[in-house]
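Trainee: Pasting a structure below so you can have a look.
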Amino acid sequence: MMHETLTFEQFCQQFEKEEDCVQALFAARWPGGFSCPRCTHQHFYEIRSRKMPLYECRSCHTQTSLIAGTIMAGSRTPLKLWFLAMFLHAQPEGLSATHLTSIIGTTYKTSWLICHKIRHAMSHADSHELLSGLVRVNWGNYGNPYNPTVFRHHQEQPLLVGASLGANGEFTQLKIKQVLDEHLQDNHISTYAGHVFKGQHVDPDALEVIIVNQKFSMNRFRPLIKICLQASQWINEIFKGIGPKHLQSYLDQFCFGYTRTKRSNNLFAVLLQQCSITPVLTYPHLIMRENNSSQYKNRYLYQLSKVS
C-alpha cells in the first residue's frame, strides 16, 4: 500500500511494529537491493544482536547500520516514532514540534530536532532539483512590522520566489529562497541577487527565465506573489511565526509539499525515501546556523536613531 495514499488508521496498522518500519526503511534506502557503501557488493549477513540490525558485507565485511547515512543516524528514538513524525509532516497542514511532542510523547527538544531533521531532508531534495523550462522569478516577502517605517524592518524577510511553468501556466515546481543581507540594495533586492538565484536554482538550459526583483515593478508576476503569501500564512498559522535563522527550512518544507503532491499521491512514501538517503543534520550544526537578518537589524536600529 506504500504507493497509495494512507489514512492515519491505515498508517498505524501498516507500521504497528518496529519490524514493519525496519523492512520499509530497508526498502526505501536500497530499493534495488542492498549495496555495500564501501564496495557496492550486494550480498550481506544480517546481524541481529542489537536493537537496530547491522548488515555485514560478504565481500569486504564492512558493517552498516540501517540508519547510518540517513537523517536518523545516531538517534535512539524508535523507528515507529520517526515514521509517525514523517507521516504527519507529509500531511498538507504540517505540524509544530509542540504538537508532535503531544503525539509521540518525547521531550520538546527531541521533537524539535526530529522536525528539523525531516525538514533537512526536504531541503536536501530541493537542492538537487533545478527549475527548468519556462521559469518566472519574483520579489517576495515574509513578515510584517508592527510599526512600518520607510526602512525595511528587521521582522521583514525579503524573498525570491521562482517557479517552473507548465503548458497551461500552472506551477510544476516551486522554490522560495531568503535573500542575504549583502544582496540588498537601498532596501530593495539587488539585481545581483537575481543572478545568484538563477545560478543556484535554475537549470542553465531553461528555455526562458524572467526575474523581477523590484517590489512594485509593473512586470511583477502576481501568481508568484500570491503563492508566497500562502507560504507566509501557512508558517504563521501552524508555527506562529518563524525568525530568520530557521526560516529557510520552513520555506523548503512548503515548497517540498507543494511540488511533490503534484507528482505523487503518497507524499509519505516520497518523504521516507528522501529521509533514507539524506545525511544527518546534527544538533550543533543546526543551532550554529547564521541569523541572516542580524546585520540588517543593526543597520535598521542605526537608521532609526538618525531620524529620531
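Each chain of the C-alpha cells is named A, B, ... in the order shown, its residues numbered from 1; ligands are numbered from 1 in display order.
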Write down as an NGL selection string the residues belonging to stretch 64-297 of chain A that are assigned helix (DSSP H, G or I) by DSSP computed on the backbone.
Mentor: :A and (79-89 or 97-104 or 108-127 or 181-183 or 191-201 or 222-239 or 247-260 or 267-277 or 283-287 or 294-297)
Trainee: Which residue is closest to A:Ile103? Choose from A:Ile287, A:Leu88, A:His246, A:Ser217 and count only C-alpha atoms.
Mentor: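 Among A:Ile287, A:Leu88, A:His246, A:Ser217, it is A:Leu88 that comes nearest to A:Ile103.
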Trainee: Counting only C-alpha atoms, what is within 10 Å of A:Cys12, bar same-chain residues fewer than 3 positions away, as an mmCIF file with N, CA, C and O atoms, in the first residue's frame?
Mentor:
data_model
loop_
_atom_site.group_PDB
_atom_site.id
_atom_site.type_symbol
_atom_site.label_atom_id
_atom_site.label_comp_id
_atom_site.auth_asym_id
_atom_site.auth_seq_id
_atom_site.Cartn_x
_atom_site.Cartn_y
_atom_site.Cartn_z
ATOM 1 N N LEU A 6 -2.278 6.908 2.273
ATOM 2 C CA LEU A 6 -2.631 6.210 3.506
ATOM 3 C C LEU A 6 -3.438 7.120 4.417
ATOM 4 O O LEU A 6 -3.086 8.281 4.613
ATOM 5 N N THR A 7 -4.511 6.591 4.990
ATOM 6 C CA THR A 7 -5.184 7.303 6.065
ATOM 7 C C THR A 7 -4.372 7.089 7.343
ATOM 8 O O THR A 7 -3.487 6.227 7.399
ATOM 9 N N PHE A 8 -4.688 7.848 8.381
ATOM 10 C CA PHE A 8 -3.965 7.692 9.639
ATOM 11 C C PHE A 8 -4.173 6.289 10.202
ATOM 12 O O PHE A 8 -3.234 5.670 10.718
ATOM 13 N N GLU A 9 -5.381 5.763 10.098
ATOM 14 C CA GLU A 9 -5.665 4.419 10.602
ATOM 15 C C GLU A 9 -4.884 3.365 9.818
ATOM 16 O O GLU A 9 -4.337 2.419 10.408
ATOM 17 N N PHE A 15 2.288 0.136 10.095
ATOM 18 C CA PHE A 15 3.557 0.296 10.809
ATOM 19 C C PHE A 15 3.340 0.155 12.320
ATOM 20 O O PHE A 15 3.807 0.960 13.111
ATOM 21 N N GLU A 16 2.617 -0.889 12.667
ATOM 22 C CA GLU A 16 2.282 -1.127 14.075
ATOM 23 C C GLU A 16 3.507 -1.564 14.877
ATOM 24 O O GLU A 16 3.651 -1.215 16.050
ATOM 25 N N LYS A 17 4.412 -2.328 14.245
ATOM 26 C CA LYS A 17 5.568 -2.877 14.947
ATOM 27 C C LYS A 17 6.857 -2.259 14.413
ATOM 28 O O LYS A 17 6.922 -1.794 13.277
ATOM 29 N N LYS A 80 9.341 3.606 14.908
ATOM 30 C CA LYS A 80 7.894 3.824 14.883
ATOM 31 C C LYS A 80 7.559 5.304 15.062
ATOM 32 O O LYS A 80 6.675 5.840 14.393
ATOM 33 N N PHE A 83 8.715 7.289 11.951
ATOM 34 C CA PHE A 83 7.780 7.099 10.855
ATOM 35 C C PHE A 83 6.506 7.923 11.068
ATOM 36 O O PHE A 83 5.975 8.517 10.129
ATOM 37 N N LEU A 84 6.030 7.949 12.297
ATOM 38 C CA LEU A 84 4.833 8.730 12.591
ATOM 39 C C LEU A 84 5.097 10.216 12.350
ATOM 40 O O LEU A 84 4.243 10.921 11.796
ATOM 41 N N PHE A 87 5.067 10.793 8.634
ATOM 42 C CA PHE A 87 3.702 10.739 8.117
ATOM 43 C C PHE A 87 2.973 12.055 8.384
ATOM 44 O O PHE A 87 2.287 12.595 7.506
#
Trainee: Using only C-alpha atoms, which residues of stretch 10-120 of chain A come within 7 Å of stretch 273-284 of chain A, and what is the closest atom pair for each, with the distance in Å to one decimal? Give it as a Markdown table, sorted by chain and residue number.
Mentor:
| residue | atom | partner | partner_atom | distance |
| --- | --- | --- | --- | --- |
| A:Leu25 | CA | A:Ser276 | CA | 6.9 |
| A:Ala28 | CA | A:Gln273 | CA | 4.9 |
| A:Arg29 | CA | A:Ser276 | CA | 5.1 |
| A:Gly69 | CA | A:Pro279 | CA | 5.0 |
| A:Thr70 | CA | A:Ser276 | CA | 4.8 |
| A:Ile71 | CA | A:Val280 | CA | 3.9 |
| A:Met72 | CA | A:Val280 | CA | 6.4 |
| A:Ala73 | CA | A:Val280 | CA | 6.0 |
| A:Lys117 | CA | A:Leu281 | CA | 5.9 |
| A:Ile118 | CA | A:Cys275 | CA | 6.8 |
| A:His120 | CA | A:Leu281 | CA | 6.9 |
